[in-house]
>>> print(open('final_22.txt').read())   # compact mmCIF, C-alpha atoms and all ligand atoms
# COMPACT_ATOMS: atom_id res chain seq x y z
CA MET R 116 70.12 140.67 54.78
CA ARG R 117 68.27 142.15 51.82
CA ARG R 118 68.07 140.51 48.41
CA GLU R 119 66.97 142.66 45.50
CA ARG R 120 65.75 141.22 42.31
CA GLY R 121 68.32 142.00 39.68
CA GLN R 122 67.95 140.88 36.12
CA THR R 123 66.63 137.82 34.41
CA ALA R 124 69.27 136.50 32.12
CA ALA R 125 68.83 134.57 28.91
CA LYS R 126 67.95 130.86 29.44
CA GLY R 127 65.76 131.83 32.40
CA VAL R 128 68.51 132.22 34.99
CA THR R 129 67.59 134.80 37.63
CA PHE R 130 70.38 136.74 39.31
CA PHE R 131 70.15 138.45 42.66
CA THR R 132 72.19 141.28 44.05
CA VAL R 133 72.69 141.29 47.80
CA SER R 134 72.35 144.28 50.12
CA PRO R 135 72.06 144.27 53.92
CA THR R 136 68.51 145.37 54.90
CA THR R 137 65.40 144.11 53.03
CA PRO R 138 64.04 140.51 53.32
CA PRO R 139 63.32 138.43 50.18
CA THR R 140 60.42 139.81 48.16
CA SER R 141 59.58 136.90 45.87
CA ALA R 142 58.97 133.20 46.17
CA SER R 143 62.11 132.46 44.16
CA ALA R 144 64.18 134.71 46.39
CA ALA R 145 62.78 132.94 49.44
CA ALA R 146 63.60 129.58 47.92
CA TYR R 147 67.10 130.75 47.18
CA HIS R 148 67.52 131.97 50.73
CA ALA R 149 66.17 128.70 52.15
CA ALA R 150 68.63 126.79 50.04
CA MET R 151 71.45 128.95 51.30
CA VAL R 152 70.61 128.47 54.97
CA SER R 153 69.57 124.79 54.66
CA PRO R 154 71.95 123.04 52.29
CA ASP R 155 71.14 119.47 51.27
CA PRO R 156 71.81 117.46 54.47
CA GLN R 157 72.79 114.37 52.47
CA ALA R 158 75.34 116.35 50.49
CA LEU R 159 76.71 117.71 53.76
CA ALA R 160 76.96 114.20 55.23
CA ARG R 161 78.81 113.00 52.15
CA GLN R 162 81.17 115.96 52.34
CA ARG R 163 81.86 115.22 56.01
CA LEU R 164 82.72 111.61 55.19
CA LEU R 165 85.18 112.61 52.49
CA GLY R 166 86.92 114.77 55.08
CA LYS R 167 86.70 112.20 57.88
CA TYR R 168 88.44 109.51 55.79
CA ARG R 169 90.83 111.97 54.10
CA VAL R 170 89.73 110.88 50.66
CA VAL R 171 92.15 111.50 47.81
CA ALA R 172 90.35 111.51 44.47
CA SER R 173 91.62 109.18 41.77
CA PRO R 174 93.82 110.86 39.15
CA HIS R 175 92.52 108.31 36.63
CA VAL R 176 88.95 109.64 36.58
CA PRO R 177 88.31 112.21 33.81
CA PRO R 178 87.50 115.74 35.08
CA LEU R 179 83.95 115.55 33.73
CA ALA R 180 83.22 112.55 35.93
CA ALA R 181 85.02 113.91 39.01
CA ALA R 182 81.84 114.97 40.86
CA ASP R 183 80.16 111.60 40.23
CA HIS R 184 83.35 109.88 41.34
CA LEU R 185 83.49 111.66 44.71
CA ASN R 186 79.78 111.14 45.19
CA LEU R 187 80.23 107.40 44.64
CA VAL R 188 83.17 107.29 47.04
CA ALA R 189 81.05 109.03 49.68
CA VAL R 190 78.11 106.67 49.15
CA ILE R 191 80.39 103.64 49.57
CA LEU R 192 81.91 105.17 52.72
CA LEU R 193 78.46 105.97 54.07
CA ALA R 194 77.44 102.31 53.78
CA PHE R 195 80.60 101.29 55.65
CA ASP R 196 80.25 103.99 58.27
CA GLY R 197 76.81 102.79 59.36
CA GLN R 198 78.09 99.38 60.57
CA ALA R 199 79.53 98.52 63.96
CA LEU R 200 81.99 95.84 62.73
CA ARG R 201 84.58 96.33 60.05
CA THR R 202 83.70 93.15 58.16
CA ALA R 203 80.00 94.07 58.21
CA GLY R 204 80.92 97.55 57.01
CA VAL R 205 82.98 96.16 54.16
CA SER R 206 80.11 93.89 53.08
CA ALA R 207 77.69 96.82 53.22
CA ALA R 208 80.10 98.98 51.21
CA CYS R 209 80.48 96.27 48.53
CA ALA R 210 76.71 95.83 48.38
CA GLU R 211 76.27 99.57 47.91
CA LEU R 212 78.84 99.65 45.11
CA CYS R 213 76.96 96.85 43.33
CA ARG R 214 73.57 98.51 43.94
CA GLN R 215 74.83 101.75 42.44
CA TYR R 216 76.25 99.98 39.40
CA ASP R 217 73.11 97.88 38.84
CA ARG R 218 70.96 101.01 39.07
CA TYR R 219 73.17 102.71 36.49
CA ALA R 220 73.31 99.70 34.14
CA ALA R 221 69.53 99.20 34.30
CA ARG R 222 69.02 102.61 32.69
CA LEU R 223 71.22 101.81 29.70
CA PRO R 224 69.86 100.40 26.44
CA GLN R 225 70.12 96.67 25.79
CA GLU R 226 70.77 97.30 22.13
CA ILE R 227 73.16 99.58 20.26
CA ALA R 228 73.37 100.67 16.63
CA VAL R 229 76.72 100.28 14.90
CA ALA R 230 77.77 103.61 13.39
CA ASP R 231 77.33 104.02 9.61
CA THR R 232 75.57 100.66 9.24
CA HIS R 233 72.09 99.21 9.72
CA VAL R 234 73.50 96.69 12.17
CA ARG R 235 72.06 96.61 15.67
CA LEU R 236 73.74 94.60 18.42
CA ARG R 237 71.93 93.33 21.47
CA ILE R 238 73.39 92.24 24.78
CA ALA R 239 73.58 88.47 24.41
CA CYS R 240 73.83 87.50 28.09
CA THR R 241 70.92 85.48 29.50
CA ALA R 242 70.31 83.45 32.64
CA GLY R 243 72.01 80.07 32.31
CA CYS R 244 74.61 81.32 29.82
CA SER R 245 77.91 80.99 31.67
CA HIS R 246 80.67 80.64 29.10
CA CYS R 247 82.58 83.52 30.68
CA CYS R 248 82.52 81.68 34.06
CA LEU R 249 85.27 79.46 32.61
CA ALA R 250 87.68 82.37 32.81
CA PRO R 251 89.55 83.36 35.97
CA VAL R 252 88.23 86.40 37.81
CA THR R 253 90.05 89.02 39.83
CA VAL R 254 88.56 90.63 42.94
CA ILE R 255 89.69 92.92 45.72
CA ALA R 256 89.80 91.70 49.32
CA PRO R 257 86.51 93.39 50.37
CA GLU R 258 84.66 91.44 47.68
CA ALA R 259 86.10 88.11 48.81
CA VAL R 260 85.07 88.88 52.39
CA ALA R 261 81.57 89.99 51.38
CA ILE R 262 81.00 86.85 49.28
CA ALA R 263 82.35 84.60 52.05
CA GLU R 264 79.94 86.24 54.49
CA TYR R 265 77.05 85.74 52.06
CA ILE R 266 77.95 82.04 51.73
CA ASP R 267 78.26 81.69 55.50
CA THR R 268 74.87 83.22 56.18
CA THR R 269 72.75 81.95 53.26
CA PHE R 270 74.11 78.53 52.15
CA SER R 271 72.79 75.34 53.77
CA ALA R 272 75.24 72.84 55.30
CA GLU R 273 74.88 70.66 52.18
CA GLN R 274 75.59 73.61 49.89
CA LYS R 275 78.67 74.53 51.92
CA LEU R 276 79.99 70.98 51.76
CA ALA R 277 79.41 70.76 48.00
CA LEU R 278 81.16 74.12 47.51
CA ALA R 279 84.12 73.01 49.64
CA LEU R 280 84.56 69.98 47.38
CA ARG R 281 84.36 72.11 44.23
CA LEU R 282 86.84 74.64 45.66
CA ALA R 283 89.27 71.86 46.57
CA SER R 284 89.22 70.41 43.06
CA TYR R 285 89.27 73.75 41.23
CA HIS R 286 91.88 73.89 38.53
CA VAL R 287 93.37 77.35 38.10
CA PRO R 288 93.51 77.91 34.36
CA PRO R 289 96.77 78.89 32.75
CA ASP R 290 95.47 81.89 30.83
CA GLU R 291 92.66 84.39 30.80
CA ARG R 292 90.30 82.32 28.68
CA GLY R 293 90.14 79.43 31.14
CA ALA R 294 90.10 75.75 30.35
CA PRO R 295 87.34 73.17 29.74
CA ASP R 296 87.53 71.96 33.35
CA SER R 297 87.94 75.40 34.91
CA MET R 298 84.29 76.34 35.48
CA CYS R 299 84.04 78.68 38.49
CA PRO R 300 83.19 76.63 41.61
CA LEU R 301 80.43 79.13 42.39
CA ASN R 302 78.60 78.17 39.20
CA VAL R 303 75.94 75.54 39.89
CA GLU R 304 74.14 74.07 36.89
CA GLY R 305 74.84 77.14 34.80
CA LEU R 306 73.76 79.66 37.42
CA CYS R 307 75.87 81.79 39.72
CA SER R 308 75.14 80.67 43.29
CA VAL R 309 76.25 84.05 44.68
CA TYR R 310 74.62 86.12 41.94
CA GLU R 311 73.39 88.80 44.36
CA VAL R 312 76.93 89.50 45.58
CA ARG R 313 78.97 88.27 42.59
CA PRO R 314 82.30 90.01 41.98
CA PHE R 315 82.19 93.39 40.33
CA ASN R 316 84.19 92.07 37.38
CA CYS R 317 81.52 89.39 36.78
CA ARG R 318 78.78 91.97 37.23
CA ARG R 319 80.09 94.34 34.63
CA PHE R 320 81.21 91.74 32.05
CA HIS R 321 78.77 91.24 29.20
CA SER R 322 78.84 90.48 25.50
CA LEU R 323 77.16 91.72 22.37
CA ASP R 324 78.19 88.59 20.49
CA LEU R 325 77.42 85.05 21.70
CA GLN R 326 79.42 83.47 18.87
CA ALA R 327 82.52 85.43 19.90
CA CYS R 328 82.05 84.14 23.48
CA LEU R 329 81.78 80.56 22.20
CA ARG R 330 84.94 80.97 20.14
CA PHE R 331 86.94 82.57 22.91
CA PHE R 332 85.78 80.78 26.07
CA ARG R 333 84.71 77.36 24.72
CA ALA R 334 86.63 76.68 21.48
CA ARG R 335 89.64 78.56 22.87
CA THR R 336 90.23 80.24 19.55
CA GLY R 337 89.68 83.87 18.64
CA ASP R 338 90.47 86.91 20.68
CA LEU R 339 88.91 88.55 23.72
CA ALA R 340 88.76 91.78 21.71
CA GLU R 341 86.15 90.10 19.48
CA VAL R 342 83.80 89.84 22.47
CA LEU R 343 82.25 93.23 21.90
CA GLN R 344 80.91 95.15 24.88
CA GLU R 345 78.52 98.04 25.14
CA PRO R 346 80.64 101.23 25.22
CA TYR R 347 78.63 103.26 27.79
CA ARG R 348 78.92 100.49 30.37
CA MET R 349 82.63 100.07 29.62
CA ASP R 350 83.25 103.77 29.90
CA ARG R 351 81.46 104.09 33.22
CA PHE R 352 82.90 100.91 34.69
CA GLY R 353 86.23 102.68 35.23
CA VAL R 354 84.60 105.39 37.35
CA PHE R 355 82.93 102.79 39.57
CA TRP R 356 86.10 100.77 39.92
CA HIS R 357 88.32 103.76 40.72
CA SER R 358 85.72 104.95 43.23
CA ALA R 359 85.79 101.59 45.00
CA ASP R 360 89.58 101.71 44.99
CA VAL R 361 89.64 105.20 46.50
CA ALA R 362 86.98 104.40 49.12
CA PHE R 363 88.58 101.17 50.35
CA THR R 364 92.07 102.69 50.28
CA ALA R 365 90.73 105.52 52.46
CA LEU R 366 89.49 102.83 54.86
CA GLY R 367 93.00 101.36 55.00
CA ILE R 368 91.99 98.20 53.14
CA ASP R 369 94.14 96.32 50.62
CA THR R 370 92.85 96.87 47.07
CA ARG R 371 95.33 94.77 45.13
CA ASP R 372 93.90 92.53 42.41
CA LEU R 373 93.47 89.05 43.84
CA ASP R 374 92.80 85.72 42.17
CA PHE R 375 89.14 85.19 43.13
CA ILE R 376 89.03 81.54 44.10
CA PRO R 377 92.17 81.49 46.32
CA ALA R 378 91.00 84.77 47.91
CA LEU R 379 87.53 83.36 48.54
CA THR R 380 89.02 80.19 50.02
CA ILE R 381 91.02 82.31 52.47
CA ALA R 382 87.98 84.41 53.38
CA ILE R 383 85.73 81.34 53.83
CA ALA R 384 88.26 79.84 56.24
CA GLU R 385 87.73 82.82 58.53
CA PRO R 386 84.29 84.31 57.93
CA GLY R 387 83.83 87.63 59.66
CA ALA R 388 87.47 87.70 60.79
CA GLU R 389 88.64 91.23 61.41
CA GLN R 390 92.29 90.16 61.00
CA LEU R 391 91.68 89.69 57.29
CA PHE R 392 91.99 93.45 57.06
CA ALA R 393 94.72 93.84 59.67
CA SER R 394 97.63 93.35 57.28
CA ASP R 395 98.35 93.23 53.58
CA SER R 396 99.63 89.69 54.00
CA ALA R 397 96.27 88.06 54.82
CA PHE R 398 95.53 87.54 51.12
CA ALA R 399 99.15 87.24 49.96
CA ALA R 400 98.59 83.71 48.65
CA ALA R 401 95.86 85.03 46.33
CA ALA R 402 97.77 88.03 45.01
CA HIS R 403 98.78 86.40 41.72
CA TYR R 404 97.67 89.40 39.76
CA SER R 405 99.22 92.02 42.00
CA ASP R 406 100.42 95.05 40.13
CA GLU R 407 102.86 95.95 42.86
S1 LIG R 501 81.24 84.30 40.65
FE1 LIG R 501 79.36 83.77 39.56
S2 LIG R 501 79.33 85.06 37.73
FE2 LIG R 501 81.43 85.12 38.53
S3 LIG R 501 82.54 83.51 37.44
FE3 LIG R 501 81.75 82.59 39.32
S4 LIG R 501 79.74 81.71 38.78
FE4 LIG R 501 80.34 83.13 37.13
>>> encode(input="final_22.txt", output="C-alpha cells", more="lines below")
Ligand code: SF4
Amino acid sequence: MRRERGQTAAKGVTFFTVSPTTPPTSASAAAYHAAMVSPDPQALARQRLLGKYRVVASPHVPPLAAADHLNLVAVILLAFDGQALRTAGVSAACAELCRQYDRYAARLPQEIAVADTHVRLRIACTAGCSHCCLAPVTVIAPEAVAIAEYIDTTFSAEQKLALALRLASYHVPPDERGAPDSMCPLNVEGLCSVYEVRPFNCRRFHSLDLQACLRFFRARTGDLAEVLQEPYRMDRFGVFWHSADVAFTALGIDTRDLDFIPALTIAIAEPGAEQLFASDSAFAAAAHYSDE
C-alpha cells in the first residue's frame, strides 16, 4: 500500500492520501503506518474486556467523560480478570479503583480560590482528624469483602478480638451526622485502621472547612452543605463511582448501597467466601440504604 504525503494543515496536522503501490517515504508516514498495524496492545486488551463482560456504559456519565469512564471500567475489570478466585478478583478490582482515584486526587490542588474574592480555601483534613468518622458510611458489597479480607490477612489476633468487641457494641446512628458514641469501629485512636483499603466514600470525602465539620459532626448543628468540598474532586467522583458500578454489575455482583458496618460484619464472618457473591440476599441485612 502506498501513502503519499498530502498537505500539512494548520495547527501542524499532517494528512496522508492512500494509494495502493508505494511504501511510506517519510519517518512520519512510517510511524503512522506502524501505528496502524500495531495498535496499542493495552488499549486492545481493554477493548476485549469490555466485550467479554458485555459492558453497558453508564447513562449518568457526561459525554465528555465517556472515554475516561470506559477506560476506568476496563482497568477495574482487568484487575479482576487477573485473579483465579472471585473474592481475590473483587479485592484486586477494588484496590485498582482506589489506586486510580488516589492517583487522580494527588494531582489536584490542595487549595482553591473563591471566585470574585481574595479568599483561598485549603483542604482541612489531616491525619488524626476523624470527625467525619462519626457519620455512617455506605459501601457496595465488593468493598466490604475487600476490607474483610484485608482485616483477615493483616490484623493480629489481638486486633481482631478488639475489633470484634467494637463491632458488637457499635451503635448505628439515627441520621447521617452520627452520634457522640457512633465512632466507626475501624477508627483506632483517631486513625483509620484500614486506611489503605478504606471505603471509597471515606476516601473521597474531604472538607475545606474544619469549623463546619465541628458544627455538623460534633456539635450536631449546622448543615452538611456547609462542609464545603473541592469541586474538581466532587465532579470526578461521580465518574469513578459510576465506573465501579458498571464494572461490578458486568461481573454480576450486587452494587446496592449497603450500611458499612453490618456489611463488614457479614463479610468478616465468612472471609473469602465465594457465596457472598452468589446471591443478592447475602448482604440483605445490610441493605438499609437500598435504592431498590
Ligand atoms: S472506615 Fe476508616 S475512614 Fe471510614 S469511617 Fe471508618 S475509620 Fe473513618
>>> atom_distance(input="final_22.txt", atom1="atom CA of R:Leu325", atom2="atom CA of R:Leu223")
19.6 Å
>>> residues_near_ligand(input="final_22.txt", ligand="ligand LIG 501 (chain R)", cutoff="10 Å", atoms="only C-alpha atoms and all ligand atoms", output="mmCIF file with C-alpha atoms, keeping the file's coordinate frame")
data_model
loop_
_atom_site.group_PDB
_atom_site.id
_atom_site.type_symbol
_atom_site.label_atom_id
_atom_site.label_comp_id
_atom_site.auth_asym_id
_atom_site.auth_seq_id
_atom_site.Cartn_x
_atom_site.Cartn_y
_atom_site.Cartn_z
ATOM 1 C CA CYS R 244 74.610 81.320 29.820
ATOM 2 C CA SER R 245 77.910 80.990 31.670
ATOM 3 C CA HIS R 246 80.670 80.640 29.100
ATOM 4 C CA CYS R 247 82.580 83.520 30.680
ATOM 5 C CA CYS R 248 82.520 81.680 34.060
ATOM 6 C CA LEU R 249 85.270 79.460 32.610
ATOM 7 C CA ALA R 250 87.680 82.370 32.810
ATOM 8 C CA PRO R 251 89.550 83.360 35.970
ATOM 9 C CA VAL R 252 88.230 86.400 37.810
ATOM 10 C CA THR R 253 90.050 89.020 39.830
ATOM 11 C CA VAL R 254 88.560 90.630 42.940
ATOM 12 C CA ILE R 262 81.000 86.850 49.280
ATOM 13 C CA MET R 298 84.290 76.340 35.480
ATOM 14 C CA CYS R 299 84.040 78.680 38.490
ATOM 15 C CA PRO R 300 83.190 76.630 41.610
ATOM 16 C CA LEU R 301 80.430 79.130 42.390
ATOM 17 C CA ASN R 302 78.600 78.170 39.200
ATOM 18 C CA VAL R 303 75.940 75.540 39.890
ATOM 19 C CA GLU R 304 74.140 74.070 36.890
ATOM 20 C CA GLY R 305 74.840 77.140 34.800
ATOM 21 C CA LEU R 306 73.760 79.660 37.420
ATOM 22 C CA CYS R 307 75.870 81.790 39.720
ATOM 23 C CA SER R 308 75.140 80.670 43.290
ATOM 24 C CA VAL R 309 76.250 84.050 44.680
ATOM 25 C CA TYR R 310 74.620 86.120 41.940
ATOM 26 C CA GLU R 311 73.390 88.800 44.360
ATOM 27 C CA VAL R 312 76.930 89.500 45.580
ATOM 28 C CA ARG R 313 78.970 88.270 42.590
ATOM 29 C CA PRO R 314 82.300 90.010 41.980
ATOM 30 C CA PHE R 315 82.190 93.390 40.330
ATOM 31 C CA ASN R 316 84.190 92.070 37.380
ATOM 32 C CA CYS R 317 81.520 89.390 36.780
ATOM 33 C CA ARG R 318 78.780 91.970 37.230
ATOM 34 C CA ARG R 319 80.090 94.340 34.630
ATOM 35 C CA PHE R 320 81.210 91.740 32.050
ATOM 36 C CA PHE R 375 89.140 85.190 43.130
ATOM 37 C CA ILE R 376 89.030 81.540 44.100
#
>>> atom_distance(input="final_22.txt", atom1="atom CA of R:Thr336", atom2="atom CA of R:Ile238")
21.3 Å
>>> closest_residue(input="final_22.txt", among="R:Ala256, R:Leu343, R:Tyr285, R:Gly337", to="R:Leu373", atoms="all atoms listed in the file")
R:Ala256
>>> closest_residue(input="final_22.txt", among="R:Phe270, R:Tyr216, R:Phe195, R:Phe332", to="R:Gly353", atoms="all atoms listed in the file")
R:Tyr216
>>> atom_distance(input="final_22.txt", atom1="atom CA of R:Ser206", atom2="atom CA of R:Ala259")
9.4 Å
>>> closest_residue(input="final_22.txt", among="R:Leu185, R:Ile255, R:Ile191, R:Phe352", to="R:Asp217", atoms="all atoms listed in the file")
R:Phe352
>>> closest_residue(input="final_22.txt", among="R:Thr380, R:Gln390, R:Gln157, R:Ser173", to="R:Leu278", atoms="only C-alpha atoms")
R:Thr380
>>> residues_around(input="final_22.txt", residues="R:Asp324", least_positions_apart="5", cutoff="10 Å", atoms="only C-alpha atoms", output="ChimeraX atom specification")
/R:236-240,329,341-344
>>> closest_residue(input="final_22.txt", among="R:Ala181, R:Val361, R:Leu339, R:Leu192", to="R:Lys167", atoms="all atoms listed in the file")
R:Leu192
>>> residues_near_point(input="final_22.txt", point="(84.9, 83.6, 54.4)", cutoff="10 Å", atoms="all atoms listed in the file", output="list of chain:residue names")
R:Ala259, R:Val260, R:Ala261, R:Ile262, R:Ala263, R:Glu264, R:Tyr265, R:Ile266, R:Asp267, R:Ala378, R:Leu379, R:Thr380, R:Ile381, R:Ala382, R:Ile383, R:Ala384, R:Glu385, R:Pro386, R:Gly387, R:Ala388, R:Leu391
>>> residues_around(input="final_22.txt", residues="R:Tyr347", least_positions_apart="6", cutoff="12 Å", atoms="only C-alpha atoms", output="number ranges by chain")
R: 219-227, 319, 353-354
